[in-house]
file coords-v4.cif (mmCIF, C-alpha atoms)
data_model
loop_
_atom_site.label_atom_id
_atom_site.label_comp_id
_atom_site.auth_asym_id
_atom_site.auth_seq_id
_atom_site.Cartn_x
_atom_site.Cartn_y
_atom_site.Cartn_z
CA MET A 1 103.65 80.86 128.17
CA PRO A 2 102.39 78.96 131.20
CA ARG A 3 105.12 78.40 133.77
CA ILE A 4 105.39 75.06 135.53
CA LEU A 5 107.35 75.31 138.77
CA VAL A 6 108.93 72.11 140.08
CA VAL A 7 109.82 72.39 143.77
CA GLY A 8 112.63 69.90 144.38
CA GLY A 9 115.06 68.24 141.99
CA GLY A 10 115.12 64.76 143.53
CA TYR A 11 113.79 61.61 141.88
CA ALA A 12 110.19 62.71 141.35
CA GLY A 13 111.04 66.31 140.45
CA PHE A 14 113.91 65.43 138.13
CA TYR A 15 111.96 62.77 136.24
CA ALA A 16 108.88 65.00 136.04
CA ALA A 17 110.89 67.84 134.48
CA TRP A 18 112.95 65.50 132.28
CA HIS A 19 109.85 63.86 130.81
CA LEU A 20 107.97 67.15 130.51
CA GLU A 21 110.77 68.33 128.23
CA ARG A 22 110.11 65.31 126.02
CA ARG A 23 106.33 65.62 126.02
CA LEU A 24 105.78 69.36 125.73
CA ARG A 25 105.98 71.07 122.38
CA PRO A 26 108.31 74.06 122.01
CA HIS A 27 106.74 77.19 123.54
CA GLU A 28 103.92 75.13 125.11
CA ALA A 29 105.16 75.82 128.66
CA ASP A 30 108.23 76.93 130.61
CA VAL A 31 109.58 74.50 133.20
CA VAL A 32 111.48 75.90 136.21
CA VAL A 33 113.16 73.57 138.73
CA VAL A 34 114.17 74.91 142.16
CA ASP A 35 116.49 72.91 144.43
CA PRO A 36 119.26 73.88 146.87
CA ARG A 37 121.60 71.41 145.15
CA PRO A 38 122.28 71.64 141.40
CA TYR A 39 122.06 67.86 141.05
CA MET A 40 119.78 64.92 141.69
CA THR A 41 121.20 62.47 144.22
CA TYR A 42 120.84 58.86 143.13
CA GLN A 43 120.36 57.64 146.69
CA PRO A 44 120.65 53.85 146.09
CA PHE A 45 124.33 54.50 145.30
CA LEU A 46 125.06 56.25 148.61
CA PRO A 47 125.88 53.04 150.54
CA GLU A 48 128.36 52.13 147.78
CA VAL A 49 129.91 55.60 148.01
CA ALA A 50 130.24 55.16 151.78
CA GLY A 51 131.77 51.72 151.20
CA ALA A 52 134.33 53.08 148.69
CA SER A 53 132.79 50.94 145.91
CA LEU A 54 131.77 53.94 143.81
CA GLU A 55 133.15 57.43 143.36
CA ALA A 56 130.94 60.11 144.89
CA ARG A 57 130.37 62.13 141.72
CA TYR A 58 128.67 59.17 140.03
CA ALA A 59 125.86 59.27 142.58
CA ALA A 60 125.04 62.84 141.50
CA VAL A 61 123.16 63.65 138.27
CA SER A 62 123.61 67.23 137.09
CA LEU A 63 120.31 69.06 136.65
CA ARG A 64 121.69 71.58 134.16
CA ARG A 65 123.39 68.94 132.02
CA HIS A 66 120.25 66.82 131.62
CA LEU A 67 117.42 69.37 131.89
CA ARG A 68 118.39 71.31 128.80
CA ARG A 69 115.02 72.98 128.13
CA SER A 70 114.26 73.80 131.76
CA SER A 71 115.45 76.69 133.90
CA VAL A 72 117.31 75.54 137.03
CA VAL A 73 117.38 77.78 140.11
CA ALA A 74 119.85 76.80 142.84
CA GLY A 75 117.92 77.92 145.89
CA GLU A 76 115.66 76.81 148.71
CA VAL A 77 111.91 77.37 148.63
CA THR A 78 111.08 78.92 152.01
CA ARG A 79 107.36 79.42 151.43
CA LEU A 80 104.86 78.35 148.82
CA ASP A 81 101.88 80.69 148.44
CA HIS A 82 99.63 78.78 146.08
CA ALA A 83 96.74 81.20 146.45
CA GLY A 84 99.01 83.87 144.98
CA ARG A 85 100.78 81.40 142.67
CA THR A 86 104.14 82.48 144.10
CA ALA A 87 107.14 80.63 145.54
CA HIS A 88 109.53 82.48 147.83
CA VAL A 89 113.11 81.29 147.32
CA ARG A 90 116.28 81.90 149.33
CA LEU A 91 119.39 81.95 147.13
CA PRO A 92 122.80 80.65 148.31
CA GLY A 93 124.04 84.14 149.11
CA GLY A 94 121.01 84.89 151.28
CA ASP A 95 119.09 87.00 148.77
CA GLU A 96 115.37 86.39 148.39
CA LEU A 97 113.64 85.70 145.10
CA SER A 98 109.94 85.41 144.26
CA ILE A 99 108.94 83.14 141.38
CA GLY A 100 105.45 83.31 139.96
CA TYR A 101 103.92 80.26 138.31
CA HIS A 102 100.78 78.91 136.69
CA GLN A 103 101.16 75.32 137.88
CA VAL A 104 103.26 73.88 140.69
CA VAL A 105 104.72 70.41 141.12
CA VAL A 106 105.68 69.80 144.76
CA THR A 107 108.37 67.11 144.94
CA ALA A 108 110.49 68.53 147.75
CA GLY A 109 111.27 65.10 149.19
CA ALA A 110 111.65 64.09 152.83
CA ILE A 111 114.35 64.83 155.38
CA THR A 112 116.05 62.50 157.85
CA ARG A 113 113.85 61.79 160.85
CA THR A 114 115.71 62.53 164.05
CA LEU A 115 114.72 61.77 167.62
CA PRO A 116 115.62 63.71 170.78
CA VAL A 117 118.47 61.37 171.71
CA PRO A 118 121.26 63.19 173.59
CA GLY A 119 124.38 63.55 171.47
CA ILE A 120 122.90 62.38 168.15
CA ALA A 121 122.55 65.87 166.69
CA GLU A 122 126.17 66.65 167.59
CA SER A 123 127.91 63.40 166.64
CA ALA A 124 125.90 61.40 164.10
CA ILE A 125 125.96 61.55 160.30
CA GLY A 126 122.91 60.95 158.10
CA LEU A 127 122.81 59.30 154.68
CA LYS A 128 120.56 61.44 152.50
CA HIS A 129 123.21 63.27 150.50
CA VAL A 130 126.47 62.57 148.70
CA GLU A 131 128.42 64.71 151.16
CA GLU A 132 127.27 62.53 154.05
CA ALA A 133 128.26 59.30 152.28
CA VAL A 134 131.72 60.73 151.58
CA ALA A 135 132.08 61.78 155.22
CA VAL A 136 131.17 58.25 156.40
CA ARG A 137 133.74 56.71 154.05
CA ASP A 138 136.54 59.10 154.95
CA ARG A 139 135.88 58.89 158.68
CA LEU A 140 136.16 55.09 158.62
CA LEU A 141 139.31 55.14 156.48
CA THR A 142 140.89 57.76 158.76
CA ALA A 143 139.94 55.69 161.82
CA PHE A 144 141.85 52.70 160.44
CA ASP A 145 144.89 54.90 159.77
CA GLU A 146 144.85 56.22 163.34
CA ALA A 147 144.08 52.89 165.02
CA ALA A 148 146.96 51.13 163.25
CA GLN A 149 149.42 53.44 165.04
CA LEU A 150 147.97 52.96 168.53
CA PRO A 151 148.53 50.17 171.06
CA PRO A 152 145.48 48.12 172.13
CA GLY A 153 143.31 50.17 174.45
CA PRO A 154 140.14 52.28 174.74
CA ARG A 155 141.13 54.84 172.08
CA ARG A 156 141.96 52.15 169.52
CA GLN A 157 138.75 50.27 170.27
CA ARG A 158 136.68 53.44 169.85
CA LEU A 159 138.24 54.09 166.43
CA LEU A 160 137.33 50.57 165.28
CA SER A 161 133.71 50.78 166.48
CA VAL A 162 130.88 51.74 164.09
CA THR A 163 127.19 52.16 164.96
CA VAL A 164 124.48 52.28 162.28
CA VAL A 165 121.04 53.21 163.65
CA GLY A 166 118.05 52.06 161.61
CA GLY A 167 117.34 48.72 159.94
CA GLY A 168 115.57 49.92 156.81
CA PHE A 169 117.04 49.57 153.34
CA THR A 170 119.45 52.48 153.74
CA GLY A 171 120.80 51.31 157.08
CA VAL A 172 121.13 47.64 156.10
CA GLU A 173 122.77 48.39 152.75
CA LEU A 174 125.19 50.80 154.43
CA PHE A 175 125.97 48.26 157.16
CA GLY A 176 126.70 45.57 154.58
CA GLU A 177 128.97 47.90 152.60
CA LEU A 178 130.89 48.95 155.72
CA LEU A 179 131.38 45.28 156.65
CA SER A 180 132.83 44.62 153.19
CA LEU A 181 135.01 47.73 153.32
CA SER A 182 136.33 46.82 156.79
CA ALA A 183 137.15 43.28 155.67
CA ALA A 184 139.00 44.65 152.64
CA LEU A 185 140.93 47.13 154.78
CA LEU A 186 142.24 44.37 157.07
CA ARG A 187 144.40 43.11 154.19
CA HIS A 188 146.19 46.47 154.14
CA TYR A 189 146.39 46.92 157.92
CA PRO A 190 148.18 43.88 159.38
CA GLU A 191 148.39 45.75 162.69
CA ILE A 192 144.60 45.34 163.16
CA ARG A 193 143.02 41.99 164.00
CA PRO A 194 139.53 41.06 162.73
CA ASP A 195 138.26 40.53 166.28
CA GLU A 196 139.05 44.17 167.10
CA LEU A 197 136.35 45.42 164.72
CA ASP A 198 133.00 46.23 166.32
CA LEU A 199 130.27 47.09 163.80
CA ARG A 200 126.71 47.22 165.15
CA LEU A 201 123.35 47.70 163.45
CA VAL A 202 120.76 48.97 165.95
CA GLU A 203 117.06 48.52 165.11
CA ALA A 204 114.14 49.37 167.41
CA SER A 205 111.74 46.82 165.92
CA GLY A 206 112.05 43.04 165.84
CA ARG A 207 113.20 42.81 162.20
CA ILE A 208 115.15 44.58 159.48
CA LEU A 209 114.24 45.36 155.85
CA PRO A 210 110.47 45.84 156.38
CA GLU A 211 109.75 45.55 152.62
CA VAL A 212 111.21 42.02 152.63
CA SER A 213 109.25 39.09 154.10
CA ASP A 214 110.25 37.47 157.39
CA ARG A 215 112.35 34.51 156.22
CA PRO A 216 114.61 36.41 153.79
CA GLY A 217 114.96 39.19 156.37
CA ALA A 218 116.06 36.70 159.04
CA ARG A 219 118.53 35.16 156.60
CA VAL A 220 120.02 38.60 155.94
CA VAL A 221 120.56 39.02 159.70
CA ARG A 222 122.39 35.69 159.87
CA SER A 223 124.51 36.63 156.85
CA LEU A 224 125.55 39.96 158.35
CA GLU A 225 126.44 38.29 161.65
CA ARG A 226 128.51 35.56 159.94
CA ARG A 227 130.53 38.35 158.34
CA GLY A 228 131.36 39.84 161.73
CA GLY A 229 128.57 42.38 162.26
CA ARG A 230 126.28 42.58 165.26
CA VAL A 231 122.56 43.10 164.56
CA LEU A 232 120.72 44.34 167.65
CA LEU A 233 116.93 44.06 167.32
CA HIS A 234 114.39 45.48 169.80
CA THR A 235 117.14 47.95 170.75
CA THR A 236 117.41 51.73 170.69
CA VAL A 237 120.17 54.25 171.28
CA ASP A 238 119.34 56.14 174.49
CA ASP A 239 122.42 58.35 174.60
CA ALA A 240 125.31 59.22 172.27
CA GLU A 241 126.99 62.13 174.06
CA GLY A 242 130.59 62.50 172.91
CA GLY A 243 130.46 59.16 171.07
CA HIS A 244 129.69 57.29 174.31
CA ILE A 245 126.81 55.02 173.25
CA VAL A 246 124.21 53.85 175.74
CA LEU A 247 121.77 51.25 174.38
CA SER A 248 118.34 50.39 175.75
CA ASP A 249 119.58 46.92 176.74
CA GLY A 250 122.09 48.54 179.09
CA ASP A 251 125.17 48.07 176.93
CA ARG A 252 127.67 50.94 176.91
CA TYR A 253 130.61 51.47 174.56
CA GLU A 254 132.56 54.11 172.65
CA SER A 255 131.95 54.55 168.91
CA GLU A 256 133.94 56.85 166.64
CA LEU A 257 131.42 56.66 163.78
CA VAL A 258 127.64 56.88 164.28
CA VAL A 259 125.36 56.89 161.23
CA TRP A 260 121.66 57.70 161.69
CA THR A 261 119.28 56.18 159.10
CA ALA A 262 116.15 55.79 161.24
CA GLY A 263 113.49 56.81 158.75
CA ASN A 264 112.15 59.94 157.04
CA ALA A 265 110.30 63.02 158.24
CA ALA A 266 108.09 65.46 156.36
CA ASN A 267 109.81 68.31 154.57
CA PRO A 268 109.45 71.50 156.67
CA VAL A 269 108.40 73.58 153.67
CA VAL A 270 105.49 71.25 152.95
CA ARG A 271 104.60 70.71 156.58
CA ASN A 272 104.73 74.31 157.80
CA HIS A 273 105.18 76.82 154.98
CA THR A 274 102.50 76.28 152.36
CA ASP A 275 98.78 76.83 152.08
CA LEU A 276 98.33 73.46 150.34
CA PRO A 277 96.56 70.74 152.37
CA VAL A 278 98.75 68.36 154.38
CA THR A 279 98.14 65.27 156.51
CA ASP A 280 98.71 64.99 160.27
CA ARG A 281 102.23 63.77 159.45
CA GLY A 282 102.91 66.86 157.34
CA LEU A 283 102.68 65.11 153.96
CA LEU A 284 100.96 66.69 150.98
CA VAL A 285 97.40 65.44 150.46
CA VAL A 286 97.44 63.96 146.96
CA ARG A 287 94.82 62.22 144.84
CA ALA A 288 95.45 59.03 142.87
CA ASP A 289 95.99 61.12 139.72
CA LEU A 290 98.75 63.04 141.59
CA ARG A 291 96.79 66.27 141.77
CA VAL A 292 96.83 67.88 145.20
CA GLY A 293 93.52 67.45 146.99
CA THR A 294 90.99 64.88 148.09
CA PRO A 295 89.02 62.44 145.90
CA GLY A 296 86.10 64.88 145.93
CA HIS A 297 88.07 68.07 145.31
CA ALA A 298 91.31 68.79 143.46
CA VAL A 299 93.29 71.94 144.22
CA PRO A 300 93.61 73.73 140.86
CA ASP A 301 97.06 73.82 139.25
CA ALA A 302 98.83 71.88 142.02
CA TRP A 303 100.50 68.48 141.74
CA GLY A 304 102.57 66.39 144.13
CA ALA A 305 104.54 63.15 144.32
CA GLY A 306 107.52 61.49 145.97
CA ASP A 307 108.47 61.24 149.62
CA ASP A 308 106.70 64.47 150.63
CA ALA A 309 103.30 63.29 149.34
CA ALA A 310 100.69 60.83 150.63
CA VAL A 311 99.93 59.09 147.33
CA PRO A 312 97.09 56.52 147.45
CA ASP A 313 98.32 53.01 146.68
CA LEU A 314 95.62 51.65 144.38
CA ALA A 315 97.42 48.32 144.10
CA VAL A 316 96.87 47.74 147.83
CA GLY A 317 93.70 49.75 148.47
CA SER A 318 92.03 50.23 151.87
CA GLY A 319 93.45 53.70 152.42
CA ALA A 320 97.08 52.60 151.96
CA TYR A 321 99.74 54.97 150.64
CA THR A 322 102.69 54.18 148.41
CA VAL A 323 105.96 53.46 150.19
CA ALA A 324 108.49 56.30 150.17
CA ASN A 325 111.18 54.77 147.99
CA ALA A 326 113.05 55.44 144.76
CA GLN A 327 111.00 52.99 142.71
CA HIS A 328 107.77 54.89 143.38
CA ALA A 329 109.35 58.36 143.08
CA VAL A 330 110.74 57.62 139.61
CA ARG A 331 107.46 56.17 138.37
CA GLN A 332 105.44 59.00 139.89
CA GLY A 333 107.70 61.60 138.29
CA LYS A 334 107.13 60.08 134.85
CA HIS A 335 103.38 59.82 135.55
CA LEU A 336 103.30 63.46 136.60
CA ALA A 337 104.76 64.49 133.25
CA ARG A 338 102.11 62.51 131.37
CA ASN A 339 99.25 63.94 133.41
CA ILE A 340 100.48 67.54 133.34
CA ALA A 341 100.90 67.41 129.56
CA ALA A 342 97.42 65.90 129.23
CA ALA A 343 95.89 68.58 131.50
CA LEU A 344 97.52 71.39 129.50
CA ARG A 345 95.91 69.98 126.36
CA GLY A 346 92.49 69.47 127.94
CA ARG A 347 92.78 65.70 127.99
CA ARG A 348 91.92 63.20 130.72
CA VAL A 349 94.48 62.57 133.44
CA ARG A 350 95.01 59.04 134.70
CA ASP A 351 95.47 57.56 138.15
CA TYR A 352 98.84 56.32 139.27
CA ARG A 353 98.80 52.56 139.65
CA HIS A 354 101.96 50.52 139.92
CA ARG A 355 102.96 46.89 139.55
CA ASN A 356 105.41 45.77 142.20
CA LEU A 357 108.67 44.65 140.59
CA GLY A 358 110.02 43.28 143.85
CA VAL A 359 112.78 44.57 146.11
CA VAL A 360 116.54 44.24 145.77
CA ALA A 361 119.31 45.29 148.15
CA THR A 362 123.08 45.15 148.13
CA LEU A 363 124.78 43.94 151.30
CA GLY A 364 128.34 44.60 150.30
CA LEU A 365 130.56 43.30 147.52
CA GLY A 366 129.19 39.95 146.31
CA HIS A 367 126.29 39.92 148.80
CA GLY A 368 122.66 40.84 148.17
CA VAL A 369 119.00 39.88 148.47
CA PHE A 370 116.20 40.01 145.91
CA GLU A 371 112.54 39.16 146.49
CA SER A 372 109.60 39.26 144.09
CA GLY A 373 106.54 37.38 145.30
CA PRO A 374 107.62 33.84 146.20
CA PHE A 375 110.89 34.22 144.28
CA VAL A 376 113.87 34.94 146.57
CA VAL A 377 117.55 35.15 145.62
CA HIS A 378 120.50 35.64 147.96
CA GLY A 379 124.24 36.14 147.56
CA LEU A 380 126.25 36.89 144.43
CA LEU A 381 123.36 36.54 141.97
CA ALA A 382 121.21 38.98 143.97
CA TRP A 383 124.14 41.40 144.13
CA LEU A 384 124.54 41.22 140.35
CA MET A 385 120.80 41.77 139.93
CA HIS A 386 121.05 44.85 142.17
CA ARG A 387 123.87 46.30 140.08
CA GLY A 388 122.10 45.48 136.83
CA TYR A 389 118.83 47.04 137.96
CA HIS A 390 120.41 50.28 139.11
CA LEU A 391 122.65 50.52 136.07
CA LEU A 392 119.46 50.48 133.99
CA ALA A 393 117.61 52.79 136.39
CA VAL A 394 120.18 55.58 136.71
CA PRO A 395 119.14 58.30 134.22
CA SER A 396 120.88 58.97 130.90
CA TRP A 397 123.39 56.92 128.93
CA GLU A 398 126.13 59.32 129.96
CA ARG A 399 125.63 58.44 133.62
CA LYS A 400 125.27 54.70 132.92
CA VAL A 401 128.59 54.62 131.07
CA ARG A 402 130.36 56.57 133.81
CA VAL A 403 129.02 54.29 136.57
CA LEU A 404 129.93 51.13 134.67
CA ALA A 405 133.40 52.51 133.92
CA ASN A 406 133.87 53.08 137.66
CA TRP A 407 132.59 49.65 138.70
CA LEU A 408 134.80 47.60 136.37
CA PRO A 409 138.22 48.79 137.69
CA ALA A 410 136.93 48.33 141.25
CA LEU A 411 136.16 44.68 140.47
CA LEU A 412 139.65 44.17 139.05
CA PHE A 413 141.74 46.20 141.50
CA GLY A 414 139.54 46.57 144.57
CA ARG A 415 138.38 49.68 146.39
CA ASP A 416 140.29 52.93 146.46
CA ILE A 417 141.07 53.24 150.18
CA VAL A 418 142.53 56.76 150.25
CA SER A 419 140.82 59.00 152.79
CA LEU A 420 140.16 62.55 151.62
CA ALA A 421 138.83 63.82 154.93
CA SER A 422 140.98 66.96 154.61
CA VAL A 423 138.79 68.02 151.66
CA GLN A 424 136.13 68.96 154.20
CA HIS A 425 138.52 71.64 155.54
CA PRO A 426 140.34 72.87 152.40
CA ARG A 427 141.92 75.96 153.97
CA ASP A 428 143.63 74.21 156.89
CA ALA A 429 146.90 73.50 155.04
CA PHE A 430 147.03 77.05 153.68
CA VAL A 431 146.40 78.58 157.11
CA GLU A 432 148.98 76.32 158.77
CA SER A 433 151.57 77.27 156.14
CA GLY A 434 151.08 80.93 156.92
CA ALA A 435 151.28 80.35 160.67
CA ALA A 436 154.54 78.41 160.35
CA ARG A 437 156.48 81.35 158.93
#
call {"tool": "encode", "arguments": {"input": "coords-v4.cif", "output": "structure tokens"}}
result
Amino acid sequence: MPRILVVGGGYAGFYAAWHLERRLRPHEADVVVVDPRPYMTYQPFLPEVAGASLEARYAAVSLRRHLRRSSVVAGEVTRLDHAGRTAHVRLPGGDELSIGYHQVVVTAGAITRTLPVPGIAESAIGLKHVEEAVAVRDRLLTAFDEAAQLPPGPRRQRLLSVTVVGGGFTGVELFGELLSLSAALLRHYPEIRPDELDLRLVEASGRILPEVSDRPGARVVRSLERRGGRVLLHTTVDDAEGGHIVLSDGDRYESELVVWTAGNAANPVVRNHTDLPVTDRGLLVVRADLRVGTPGHAVPDAWGAGDDAAVPDLAVGSGAYTVANAQHAVRQGKHLARNIAAALRGRRVRDYRHRNLGVVATLGLGHGVFESGPFVVHGLLAWLMHRGYHLLAVPSWERKVRVLANWLPALLFGRDIVSLASVQHPRDAFVESGAAR
């Protein structure tokens, strides 16, 4: 049987494989999905995980549980040799594996874009994966525990200072969730005054939420500042050595928690380790029908979509590409499945063209923003719309029920504010017990 290799189990890859299983007849093709993680991360939930509004496991969708007719390989593609129809894979133990294929679907996704800022690589946390969201949550909860036992001073102020770098959707949603979490924690920590909290959102451009128009974006800034946050526009982090933050406006302060959400960068496998064509930015060159190649020439048996692909945006035209977000990745994954099934059967493939449904963002419990054309909603209604949209969007009824079952107790009883930071070092207690004898 023909083998279809899906490189990457994120939004586009997961939905492509999931819908191929539905469209392909038994024995029509084998589908193999390769990803270092055995789950798809539902990234819109990561700010809520960091804000202790949602348990971490509900932001992860098991590949093996939901891709029942596909083979799942937990490994990292290190090189893609399309001329030889072979993917070279590194397994978790370090062994190498070569997987041959007839058709390849490249949906490896993007990585966090970092800049050569001193100290960022050593001290900052990203927000691409569940593990990072959990680390952000536990570090803030632990900081409150430590600060409550200290007298006012530099160490206490450092523990209560948070810096989020990047004013896109991820950074703004995270910032709003951390503001809500901090406000909720104050009720349980009478030793800490509200004016001791110092949460800053640092954005290099003159606005946040670039997908939202100017007026709603400005209103979001005012809302975040009324809730105690500081939004610093036209500002960059010049230094972060040892948690000592130096901003481009000359401000200097200590910050225990630094979260870096300043955009995406091309996946190294796509940019440097494949013979498929890429753009100057390292993105896969993709046609409107999601085949790899240019309008005049398609690379045989190669498809691409998601954050690692430059997909023409036919709804905008003029050489524009679709925005790298979850809404496009999900739709492109489904479209990939339709086109691949059509190509296998000798039928016509269709171009990807989307209709913009608008944008919605959560800004913490009870706060949100929604915009679709001239229609703009703020506050509680927008927050409910955000939760409703993502409850519908998260794949499978099993996952929807689990997420809803987690949200409802949180509304009734509040966030679970227990820090599990020790989970990141599970052997420490065992080692200390042995040393104490």
call {"tool": "residues_around", "arguments": {"input": "coords-v4.cif", "residues": "Arg399 (chain A)", "least_positions_apart": "4", "cutoff": "10 Å", "atoms": "all atoms listed in the file", "output": "ChimeraX atom specification"}}
result
/A:58-62,391,394-395,403-405
call {"tool": "residues_near_point", "arguments": {"input": "coords-v4.cif", "point": "(105.5, 80.8, 153.2)", "cutoff": "12 Å", "atoms": "all atoms listed in the file", "output": "number ranges by chain"}}
result
A: 76-90, 98, 268-276
call {"tool": "residues_around", "arguments": {"input": "coords-v4.cif", "residues": "Gly167 (chain A)", "least_positions_apart": "3", "cutoff": "7 Å", "atoms": "all atoms listed in the file", "output": "ChimeraX atom specification"}}
result
/A:171-172,202-203,208-209
call {"tool": "closest_residue", "arguments": {"input": "coords-v4.cif", "among": "A:Val130, A:Ala218, A:Ile192, A:Val104", "to": "Met40 (chain A)", "atoms": "only C-alpha atoms"}}
result
A:Val130
call {"tool": "resolve_selection", "arguments": {"input": "coords-v4.cif", "expression": "the PyMOL selection byres ((chain A and resi 418) around 12)", "output": "ChimeraX atom specification"}}
result
/A:51-52,55,134,137-145,185,188,415-417,419-423
call {"tool": "axis_aligned_box", "arguments": {"input": "coords-v4.cif", "around": "region 177-189 of chain A", "padding_each_side": "5 Å", "output": "lines of an AutoDock Vina configuration file"}}
result
center_x = 137.7
center_y = 46.0
center_z = 155.3
size_x = 27.4
size_y = 15.8
size_z = 15.3
call {"tool": "atom_distance", "arguments": {"input": "coords-v4.cif", "atom1": "CA of Ser205 (chain A)", "atom2": "CA of Val359 (chain A)"}}
result
20.0 Å
call {"tool": "atom_distance", "arguments": {"input": "coords-v4.cif", "atom1": "CA of Arg353 (chain A)", "atom2": "CA of Pro216 (chain A)"}}
result
26.7 Å
call {"tool": "closest_residue", "arguments": {"input": "coords-v4.cif", "among": "A:Glu131, A:Arg287, A:Arg3, A:Arg338", "to": "Val299 (chain A)", "atoms": "all atoms listed in the file"}}
result
A:Arg287
call {"tool": "closest_residue", "arguments": {"input": "coords-v4.cif", "among": "A:Gly9, A:Gly228, A:Gly304, A:Gly366", "to": "Leu411 (chain A)", "atoms": "all atoms listed in the file"}}
result
A:Gly366
call {"tool": "decode", "arguments": {"input": "coords-v4.cif", "residues": "region 116-166 of chain A", "atoms": "C-alpha atoms", "output": "mmCIF file, in the first residue's frame"}}
result
data_model
loop_
_atom_site.group_PDB
_atom_site.id
_atom_site.type_symbol
_atom_site.label_atom_id
_atom_site.label_comp_id
_atom_site.auth_asym_id
_atom_site.auth_seq_id
_atom_site.Cartn_x
_atom_site.Cartn_y
_atom_site.Cartn_z
ATOM 1 C CA PRO A 116 20.392 37.321 21.086
ATOM 2 C CA VAL A 117 19.414 39.089 24.308
ATOM 3 C CA PRO A 118 21.876 38.346 27.138
ATOM 4 C CA GLY A 119 20.344 36.106 29.785
ATOM 5 C CA ILE A 120 17.153 35.179 27.910
ATOM 6 C CA ALA A 121 18.346 31.714 26.892
ATOM 7 C CA GLU A 122 19.345 30.968 30.497
ATOM 8 C CA SER A 123 16.413 32.443 32.429
ATOM 9 C CA ALA A 124 13.290 32.750 30.260
ATOM 10 C CA ILE A 125 10.513 30.223 29.653
ATOM 11 C CA GLY A 126 8.616 29.896 26.365
ATOM 12 C CA LEU A 127 4.967 28.993 25.883
ATOM 13 C CA LYS A 128 4.830 26.471 23.046
ATOM 14 C CA HIS A 129 4.375 23.301 25.078
ATOM 15 C CA VAL A 130 2.391 22.024 28.037
ATOM 16 C CA GLU A 131 5.542 21.585 30.113
ATOM 17 C CA GLU A 132 6.361 25.275 29.740
ATOM 18 C CA ALA A 133 2.865 26.366 30.796
ATOM 19 C CA VAL A 134 3.086 24.150 33.886
ATOM 20 C CA ALA A 135 6.505 25.600 34.740
ATOM 21 C CA VAL A 136 5.138 29.164 34.476
ATOM 22 C CA ARG A 137 2.221 28.311 36.766
ATOM 23 C CA ASP A 138 4.318 26.524 39.377
ATOM 24 C CA ARG A 139 7.030 29.171 39.397
ATOM 25 C CA LEU A 140 4.493 31.923 40.117
ATOM 26 C CA LEU A 141 2.750 29.889 42.821
ATOM 27 C CA THR A 142 6.090 29.052 44.445
ATOM 28 C CA ALA A 143 7.110 32.724 44.283
ATOM 29 C CA PHE A 144 4.009 33.700 46.281
ATOM 30 C CA ASP A 145 4.783 31.022 48.877
ATOM 31 C CA GLU A 146 8.341 32.294 49.291
ATOM 32 C CA ALA A 147 7.476 36.002 49.219
ATOM 33 C CA ALA A 148 4.840 35.614 51.946
ATOM 34 C CA GLN A 149 7.580 34.518 54.385
ATOM 35 C CA LEU A 150 9.975 37.380 53.621
ATOM 36 C CA PRO A 151 10.044 40.951 54.933
ATOM 37 C CA PRO A 152 9.676 43.777 52.388
ATOM 38 C CA GLY A 153 12.873 44.151 50.414
ATOM 39 C CA PRO A 154 14.637 43.393 47.114
ATOM 40 C CA ARG A 155 14.243 39.600 47.316
ATOM 41 C CA ARG A 156 10.511 39.824 48.014
ATOM 42 C CA GLN A 157 10.021 42.367 45.226
ATOM 43 C CA ARG A 158 11.875 40.144 42.753
ATOM 44 C CA LEU A 159 9.638 37.180 43.606
ATOM 45 C CA LEU A 160 6.516 39.267 42.941
ATOM 46 C CA SER A 161 7.747 40.606 39.583
ATOM 47 C CA VAL A 162 6.719 38.957 36.298
ATOM 48 C CA THR A 163 7.847 39.940 32.789
ATOM 49 C CA VAL A 164 6.042 38.705 29.665
ATOM 50 C CA VAL A 165 7.860 39.570 26.424
ATOM 51 C CA GLY A 166 5.724 39.751 23.282
#
